[in-house]
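*Asks:* So I've got this file, work-v7.cif, and it contains mmCIF, C-alpha atoms:
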```
data_structure
#
loop_
_atom_site.label_atom_id
_atom_site.label_comp_id
_atom_site.auth_asym_id
_atom_site.auth_seq_id
_atom_site.Cartn_x
_atom_site.Cartn_y
_atom_site.Cartn_z
CA MET A 1 0.00 0.00 0.00
CA GLU A 2 1.13 3.54 -0.76
CA TYR A 3 0.80 5.62 2.39
CA THR A 4 -0.46 9.19 1.99
CA THR A 5 -1.77 10.06 5.47
CA ILE A 6 0.85 8.32 7.61
CA ARG A 7 4.52 7.54 7.27
CA HIS A 8 6.76 4.75 8.54
CA GLU A 9 10.17 5.19 10.17
CA ILE A 10 12.08 2.02 11.11
CA GLU A 11 15.19 2.17 13.28
CA ASP A 12 16.84 -0.65 15.23
CA GLY A 13 13.77 -2.88 15.15
CA ILE A 14 11.26 -0.20 16.17
CA LEU A 15 8.63 0.95 13.69
CA THR A 16 7.41 4.49 14.34
CA VAL A 17 4.08 5.19 12.66
CA VAL A 18 3.64 8.95 12.26
CA LEU A 19 0.15 10.33 11.61
CA ASP A 20 1.05 12.79 8.89
CA ARG A 21 -1.69 15.35 8.20
CA SER A 22 -0.21 18.12 10.29
CA ASP A 23 -2.01 20.86 8.32
CA HIS A 24 -5.25 19.30 9.58
CA LEU A 25 -3.96 18.43 13.09
CA ASN A 26 -3.66 14.85 11.82
CA ALA A 27 -7.44 14.57 11.63
CA PHE A 28 -8.64 11.03 10.91
CA THR A 29 -10.02 10.02 7.50
CA VAL A 30 -11.18 6.79 5.91
CA GLU A 31 -7.88 6.71 4.03
CA MET A 32 -5.97 6.99 7.30
CA ALA A 33 -8.03 4.15 8.74
CA ASP A 34 -7.16 1.97 5.74
CA GLU A 35 -3.45 2.78 6.06
CA ILE A 36 -3.23 2.18 9.81
CA GLU A 37 -5.20 -1.06 9.53
CA HIS A 38 -2.89 -2.25 6.75
CA THR A 39 0.15 -1.30 8.83
CA PHE A 40 -0.85 -3.38 11.84
CA VAL A 41 -1.87 -6.39 9.79
CA SER A 42 1.27 -6.40 7.66
CA VAL A 43 3.72 -5.78 10.53
CA ASN A 44 2.94 -9.27 11.84
CA ASP A 45 4.92 -10.70 8.92
CA ASN A 46 7.79 -8.21 9.19
CA ASP A 47 10.37 -9.87 11.40
CA GLU A 48 12.59 -6.77 11.26
CA VAL A 49 10.09 -5.03 13.59
CA ARG A 50 9.95 -5.93 17.29
CA ALA A 51 7.79 -3.04 18.54
CA VAL A 52 5.61 -0.23 17.17
CA ILE A 53 5.30 3.39 18.32
CA VAL A 54 2.46 5.62 17.08
CA THR A 55 2.79 9.40 17.24
CA GLY A 56 1.64 12.51 15.40
CA GLU A 57 3.43 15.00 13.17
CA GLY A 58 3.45 18.60 14.37
CA ARG A 59 1.58 19.87 17.39
CA ALA A 60 -1.28 17.34 17.50
CA PHE A 61 -1.52 13.59 17.85
CA CYS A 62 -4.91 13.29 16.14
CA ALA A 63 -7.70 15.85 16.46
CA GLY A 64 -10.42 13.28 15.77
CA MET A 65 -12.43 12.61 12.65
CA ASP A 66 -12.02 15.12 9.82
CA LEU A 67 -15.44 16.74 10.04
CA SER A 68 -14.87 18.75 6.86
CA SER A 69 -15.27 15.70 4.60
CA GLU A 70 -18.04 15.64 2.02
CA GLY A 71 -21.19 13.61 2.75
CA ASN A 72 -21.21 11.41 5.84
CA VAL A 73 -18.01 12.50 7.58
CA PHE A 74 -17.56 9.02 9.07
CA GLY A 75 -17.50 7.44 5.61
CA LEU A 76 -20.76 5.55 6.12
CA ASP A 77 -23.42 4.72 3.52
CA GLU A 78 -26.56 6.53 4.69
CA SER A 79 -28.74 4.62 2.21
CA LYS A 80 -28.33 1.44 4.28
CA ARG A 81 -30.36 0.38 7.32
CA PRO A 82 -28.18 -2.36 8.87
CA SER A 83 -29.38 -4.74 11.59
CA LEU A 84 -27.45 -6.69 14.20
CA ALA A 85 -27.84 -9.82 12.09
CA ASP A 86 -26.15 -8.04 9.18
CA MET A 87 -23.01 -7.57 11.32
CA HIS A 88 -22.37 -11.30 11.79
CA ASP A 89 -19.76 -11.70 9.05
CA LEU A 90 -17.44 -8.70 9.30
CA HIS A 91 -15.52 -9.89 6.25
CA ASP A 92 -18.57 -9.29 4.06
CA PRO A 93 -17.55 -6.60 1.50
CA GLY A 94 -21.08 -5.23 1.74
CA LEU A 95 -20.27 -3.98 5.24
CA ARG A 96 -17.39 -1.83 4.04
CA ARG A 97 -19.31 1.42 4.50
CA ILE A 98 -21.28 0.24 7.52
CA ARG A 99 -18.44 -0.90 9.77
CA ASP A 100 -16.93 1.72 12.07
CA THR A 101 -13.57 2.75 10.61
CA GLY A 102 -12.04 3.20 14.05
CA GLY A 103 -13.03 -0.33 14.97
CA ARG A 104 -11.20 -1.69 11.96
CA VAL A 105 -8.09 0.09 13.24
CA THR A 106 -8.31 -1.05 16.87
CA LEU A 107 -9.09 -4.65 15.92
CA ALA A 108 -5.94 -4.64 13.79
CA ILE A 109 -3.96 -3.21 16.73
CA HIS A 110 -5.51 -5.78 19.07
CA GLY A 111 -4.41 -8.57 16.72
CA CYS A 112 -0.85 -7.27 16.41
CA ARG A 113 1.94 -9.61 17.52
CA LYS A 114 4.24 -6.74 18.51
CA PRO A 115 3.93 -4.41 21.54
CA VAL A 116 2.38 -1.07 20.59
CA ILE A 117 3.10 2.24 22.35
CA ALA A 118 1.27 5.52 21.82
CA ALA A 119 3.51 8.58 22.11
CA ILE A 120 0.77 11.19 22.41
CA ASN A 121 2.50 14.44 21.51
CA GLY A 122 -0.54 16.76 21.46
CA ALA A 123 -4.31 16.75 21.20
CA ALA A 124 -5.85 13.26 21.02
CA VAL A 125 -9.60 13.70 20.62
CA GLY A 126 -12.37 11.31 19.54
CA ILE A 127 -10.84 8.55 17.43
CA GLY A 128 -7.48 10.16 18.20
CA ALA A 129 -8.05 9.07 21.80
CA THR A 130 -9.91 5.79 21.33
CA MET A 131 -7.43 4.30 18.86
CA THR A 132 -4.77 4.47 21.59
CA LEU A 133 -6.84 2.42 24.05
CA ALA A 134 -5.98 -0.74 22.10
CA MET A 135 -2.25 -0.04 22.53
CA ASP A 136 -0.09 -1.43 25.33
CA ALA A 137 0.95 1.92 26.77
CA ARG A 138 0.08 5.57 26.36
CA LEU A 139 2.88 8.04 27.08
CA LEU A 140 1.81 11.68 27.17
CA SER A 141 3.65 14.85 26.32
CA SER A 142 3.07 17.51 28.97
CA ARG A 143 1.30 19.37 26.12
CA ALA A 144 -1.05 16.48 25.33
CA ARG A 145 -4.81 16.64 25.63
CA PHE A 146 -7.14 13.62 25.74
CA GLY A 147 -10.83 13.86 24.90
CA LEU A 148 -13.62 11.29 24.73
CA VAL A 149 -16.00 13.91 23.37
CA PHE A 150 -18.64 11.77 21.67
CA GLY A 151 -21.50 12.91 23.87
CA THR A 152 -21.06 16.52 22.76
CA LEU A 153 -21.53 15.43 19.13
CA GLY A 154 -24.58 13.23 19.72
CA ILE A 155 -22.74 10.04 18.76
CA VAL A 156 -21.21 7.17 20.76
CA PRO A 157 -17.74 5.95 21.70
CA GLU A 158 -16.41 3.87 18.82
CA ALA A 159 -13.25 1.96 17.91
CA CYS A 160 -14.27 -0.84 20.33
CA SER A 161 -13.54 1.64 23.12
CA THR A 162 -16.43 0.43 25.27
CA TRP A 163 -14.49 -2.87 25.47
CA PHE A 164 -11.02 -1.36 26.05
CA LEU A 165 -11.79 1.64 28.27
CA PRO A 166 -13.38 -0.17 31.27
CA ARG A 167 -10.48 -2.63 31.29
CA LEU A 168 -8.04 0.27 31.62
CA VAL A 169 -9.78 2.51 34.14
CA GLY A 170 -12.66 0.45 35.58
CA LEU A 171 -16.35 0.73 34.74
CA PRO A 172 -17.32 3.64 37.03
CA ALA A 173 -14.44 5.79 35.76
CA ALA A 174 -15.19 4.82 32.15
CA LEU A 175 -18.83 5.86 32.54
CA ASP A 176 -17.80 9.16 34.09
CA LEU A 177 -15.29 9.90 31.31
CA VAL A 178 -17.74 9.28 28.47
CA TYR A 179 -20.66 11.04 30.18
CA ARG A 180 -18.62 14.16 30.96
CA ALA A 181 -17.03 14.22 27.46
CA GLU A 182 -14.35 16.61 28.71
CA ILE A 183 -10.98 17.27 27.12
CA LEU A 184 -8.44 16.41 29.81
CA ASP A 185 -4.97 17.88 30.13
CA ALA A 186 -2.02 15.52 30.51
CA ALA A 187 -2.11 15.52 34.31
CA ALA A 188 -5.85 14.77 34.46
CA ALA A 189 -5.56 12.00 31.84
CA HIS A 190 -2.72 10.43 33.80
CA GLU A 191 -4.65 10.67 37.06
CA ALA A 192 -7.66 9.00 35.41
CA GLY A 193 -5.50 6.00 34.51
CA LEU A 194 -5.48 6.67 30.79
CA ALA A 195 -1.70 6.95 30.54
CA GLN A 196 1.35 5.43 32.16
CA ALA A 197 3.54 8.53 32.27
CA ILE A 198 3.96 12.18 31.29
CA HIS A 199 7.16 13.43 29.66
CA GLU A 200 8.46 16.72 28.36
CA PRO A 201 7.81 17.09 24.61
CA ASP A 202 11.45 16.73 23.56
CA ALA A 203 11.84 13.55 25.61
CA LEU A 204 8.62 11.80 24.59
CA LEU A 205 9.83 9.71 21.65
CA GLY A 206 13.05 8.80 23.42
CA GLU A 207 11.07 7.54 26.39
CA ALA A 208 8.77 5.57 24.09
CA ARG A 209 11.79 3.95 22.43
CA ALA A 210 13.31 3.13 25.82
CA LEU A 211 10.08 1.42 26.86
CA ALA A 212 9.98 -0.53 23.59
CA ASP A 213 13.56 -1.67 24.21
CA ALA A 214 12.77 -2.68 27.79
CA TRP A 215 9.91 -4.82 26.55
CA THR A 216 11.47 -6.46 23.48
CA LEU A 217 15.30 -6.39 23.44
CA ASP A 218 16.76 -9.85 24.09
CA ARG A 219 13.29 -11.37 24.09
CA SER A 220 11.83 -14.15 21.99
CA ALA A 221 9.56 -12.63 19.34
CA VAL A 222 7.26 -15.64 19.59
CA SER A 223 7.10 -15.43 23.38
CA VAL A 224 6.31 -11.70 23.26
CA ALA A 225 3.59 -12.21 20.66
CA LEU A 226 2.01 -15.01 22.68
CA MET A 227 2.21 -13.09 25.96
CA ARG A 228 0.52 -10.07 24.39
CA GLN A 229 -2.35 -12.07 22.93
CA MET A 230 -2.73 -14.27 26.00
CA LEU A 231 -3.12 -11.28 28.30
CA LEU A 232 -5.50 -9.47 25.96
CA ARG A 233 -7.70 -12.50 25.32
CA ASN A 234 -7.48 -14.58 28.48
CA SER A 235 -8.23 -11.61 30.72
CA ALA A 236 -11.62 -11.36 28.99
CA ALA A 237 -12.39 -15.09 29.09
CA PRO A 238 -15.35 -16.18 31.25
CA HIS A 239 -13.38 -18.82 33.21
CA PRO A 240 -9.66 -19.43 33.95
CA VAL A 241 -9.90 -22.85 32.36
CA GLU A 242 -9.87 -21.08 28.99
CA ALA A 243 -6.51 -19.58 29.92
CA HIS A 244 -5.29 -23.01 31.03
CA ARG A 245 -6.04 -24.51 27.62
CA VAL A 246 -4.02 -21.83 25.84
CA ASP A 247 -1.29 -21.75 28.51
CA SER A 248 -0.77 -25.47 28.00
CA LEU A 249 -0.33 -25.19 24.24
CA ALA A 250 1.80 -22.05 24.47
CA MET A 251 4.08 -23.59 27.11
CA PHE A 252 4.41 -26.81 25.12
CA HIS A 253 5.43 -25.10 21.89
CA THR A 254 7.70 -22.45 23.43
CA SER A 255 9.42 -25.09 25.57
CA ILE A 256 10.57 -26.92 22.45
CA GLY A 257 11.37 -23.67 20.63
CA ASP A 258 12.97 -20.55 22.06
CA GLY A 259 12.31 -21.82 25.59
CA ASP A 260 14.88 -24.57 25.08
CA GLU A 261 17.49 -21.97 24.11
CA GLY A 262 16.45 -19.75 27.04
CA VAL A 263 17.04 -22.56 29.55
CA ARG A 264 20.38 -23.49 28.00
CA ALA A 265 21.51 -19.86 28.03
CA PHE A 266 20.51 -19.52 31.68
CA LEU A 267 22.47 -22.63 32.65
CA ASP A 268 25.47 -21.54 30.55
CA LYS A 269 25.30 -18.00 32.02
CA ARG A 270 25.25 -16.39 28.57
CA PRO A 271 22.82 -14.18 26.60
CA PRO A 272 20.18 -16.23 24.75
CA GLN A 273 20.15 -16.42 20.96
CA PHE A 274 16.45 -16.62 20.22
CA ARG A 275 15.57 -17.60 16.66
CA GLY A 276 11.78 -17.70 16.72
CA ARG A 277 9.89 -15.39 14.36
CA ALA A 278 6.56 -13.72 15.01
CA SER A 279 5.72 -14.40 11.36
CA GLU A 280 5.90 -18.14 12.15
CA MET A 281 3.69 -18.77 15.16
CA PRO A 282 2.96 -22.22 16.70
CA PRO A 283 0.41 -24.39 14.86
CA PHE A 284 -2.47 -23.68 17.27
CA TYR A 285 -2.14 -19.89 17.06
CA GLU A 286 -4.26 -19.01 14.04
CA ALA A 287 -7.16 -21.25 15.08
CA TRP A 288 -7.07 -19.68 18.55
CA VAL A 289 -7.00 -16.02 17.55
CA ASP A 290 -9.50 -16.54 14.73
CA ALA A 291 -11.97 -18.44 16.88
CA PRO A 292 -15.37 -16.71 16.74
CA SER A 293 -16.56 -15.11 19.96
CA SER A 294 -19.85 -16.24 21.44
#
```
Once more with this new file: its structure as structure tokens, please.

*Replies:*
Amino acid sequence: MEYTTIRHEIEDGILTVVLDRSDHLNAFTVEMADEIEHTFVSVNDNDEVRAVIVTGEGRAFCAGMDLSSEGNVFGLDESKRPSLADMHDLHDPGLRRIRDTGGRVTLAIHGCRKPVIAAINGAAVGIGATMTLAMDARLLSSRARFGLVFGTLGIVPEACSTWFLPRLVGLPAALDLVYRAEILDAAAAHEAGLAQAIHEPDALLGEARALADAWTLDRSAVSVALMRQMLLRNSAAPHPVEAHRVDSLAMFHTSIGDGDEGVRAFLDKRPPQFRGRASEMPPFYEAWVDAPSS
């Protein structure tokens, strides 16, 4: 895909995705949704990348949906009248202009096999805020702003945020945030549990890279991918036995893969030489992550 609304910068195993519509405060468009979705799907097969950072060009992270677009600003087909039954098969091409574009993005982020860090350098409003909830960490510039403003527009939180937000801040806080629809400064967003840390603007990307290194340097790419998906999925399972089933398979396959090297390196008192690739996951993986939810 040719990227026109974002750009990629790869250095030392870290992919930085830069939202690149600075003249429009990096406002979100259908094209941007397509490009971000493609990025997070394709990075699973790029073994040169061990972590992803998302940030914005200029003074904003993402000011929300571009409300200046022609027609339905969310890119939806107003001639349709979809029902819940119509949403069963999300791969149906007929749902292309019915599905929430932000949801396509966050589902791709959720399915990513690499840790994802948001380096929120400025205003993150609407989809600019909710897209980050699917990421593993949100680091804020002291100049950042965070707004779940849907109530002021007469719409609803999107991008699967009603799934992600309560898991980050708890249900009472999530309800309060979406009801109030306020734009929070960095300190208030941090206090609400929406971000892990606040940094000065010039230090933000460096801190994001340091966190990516702490999470992924000298780690097995397969182990990291499995740990990410196990935590995201098992924490939402109805019973711990579901985690046990996946734990058993993941332990079995890693123990005969990079786990064998990890044990040998520990006994030999040397750094491990992991060879597993996130593009080549254990045989059970695809059936597990693609299993339909009830």

*Asks:* Expressed in Å to a single decimal, how great is the separation between atom CA of A:Leu148 and atom CA of A:Val116?

*Replies:*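 Going from atom CA of A:Leu148 over to atom CA of A:Val116, I get 20.6 Å.
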
*Asks:* Find the residues near stretch 168-185 of chain A: any atom within 6 Å, counting all atoms listed in the file, skip ones fewer than 4 places away on the same chain, and give them as a PyMOL selection string.

*Replies:* chain A and resi 145-149+151+189+193

*Asks:* Between A:Val263, A:Ala186, A:Leu232, A:Leu95, which residue has the minimum interatomic distance to A:Leu76, considering all atoms listed in the file?

*Replies:*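 Closest to A:Leu76, using all atoms listed in the file: A:Leu95.
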
*Asks:* Could I get the residues of stretch 217-249 of chain A with an atom no further than 7 Å from an atom of stretch 269-277 of chain A, each paired with its nearest atom pair and that distance in Å to one decimal, using all atoms listed in the file, sorted by chain and residue number, as a Markdown table?

*Replies:*
```
| residue | atom | partner | partner_atom | distance |
| --- | --- | --- | --- | --- |
| A:Ser220 | CA | A:Phe274 | CA | 5.5 |
| A:Ala221 | CA | A:Arg277 | CA | 5.7 |
| A:Val222 | CA | A:Gly276 | CA | 5.7 |
```

*Asks:* Please identify all polymer residues within 8 Å of stretch 28-39 of chain A, counting only C-alpha atoms, omitting same-chain residues fewer than 2 positions from it, and present them as an NGL selection string.

*Replies:* :A and (1 or 3-6 or 26 or 41-43 or 62-66 or 74-75 or 101-102 or 104-106 or 108-109 or 127-128)

*Asks:* Under the PyMOL selection byres ((chain A and resi 225) around 8), which residues of this model are included? Write them out as a ChimeraX atom specification.

*Replies:* /A:112-115,221-224,226-229,278

*Asks:* Pick the closest to A:Leu15 from A:Asp136, A:Glu286, A:Glu191, A:Glu48: which is it, counting all atoms listed in the file?

*Replies:*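 Residue with the minimum atom-to-atom distance to A:Leu15: A:Glu48.
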
*Asks:* So, counting all atoms listed in the file, which residue among A:Leu67, A:Leu204, A:Leu84, A:Val52 is closest to A:Gly126?

*Replies:* A:Leu67

*Asks:* In Å, how far is it from atom CA of A:Pro201 to atom CA of A:Ser142?

*Replies:*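 We find that atom CA of A:Pro201 and atom CA of A:Ser142 lie 6.5 Å from each other.
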
*Asks:* What is the atom CA of A:Arg99-atom CA of A:Ser83 distance in Å, reported with one decimal?

*Replies:*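 Here the two named atoms are 11.7 Å from each other.
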
*Asks:* Between A:Asp258, A:His8, A:Val246, A:Thr130, which residue has the minimum interatomic distance to A:Phe150, considering only C-alpha atoms?

*Replies:*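 That would be A:Thr130, the residue with the smallest distance to A:Phe150.
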
*Asks:* If the PyMOL selection byres ((chain A and resi 122) around 7) were run on this exact file, what residues would it hold? Put them as number ranges by chain.

*Replies:* A: 59-61, 120-121, 123-124, 141, 143-145

*Asks:* To verify the selection step, state as a ChimeraX atom specification which residues the PyMOL selection byres ((chain A and resi 211) around 12) yields on this input.

*Replies:* /A:14,51-53,115-119,136-139,196-197,204-210,212-217

*Asks:* Measuring between all atoms listed in the file, which one of A:Ala291, A:Val17, A:Ala188, A:Val73 shows the shortest distance to A:Thr55?

*Replies:*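 Of A:Ala291, A:Val17, A:Ala188, A:Val73, the one nearest A:Thr55 is A:Val17, counting all atoms listed in the file.
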
*Asks:* Closest to A:Gly13 among A:Ser79, A:Asp47, A:Leu133, A:Gly259, using all atoms listed in the file?

*Replies:*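 Among the listed residues, the smallest separation from A:Gly13 belongs to A:Asp47.
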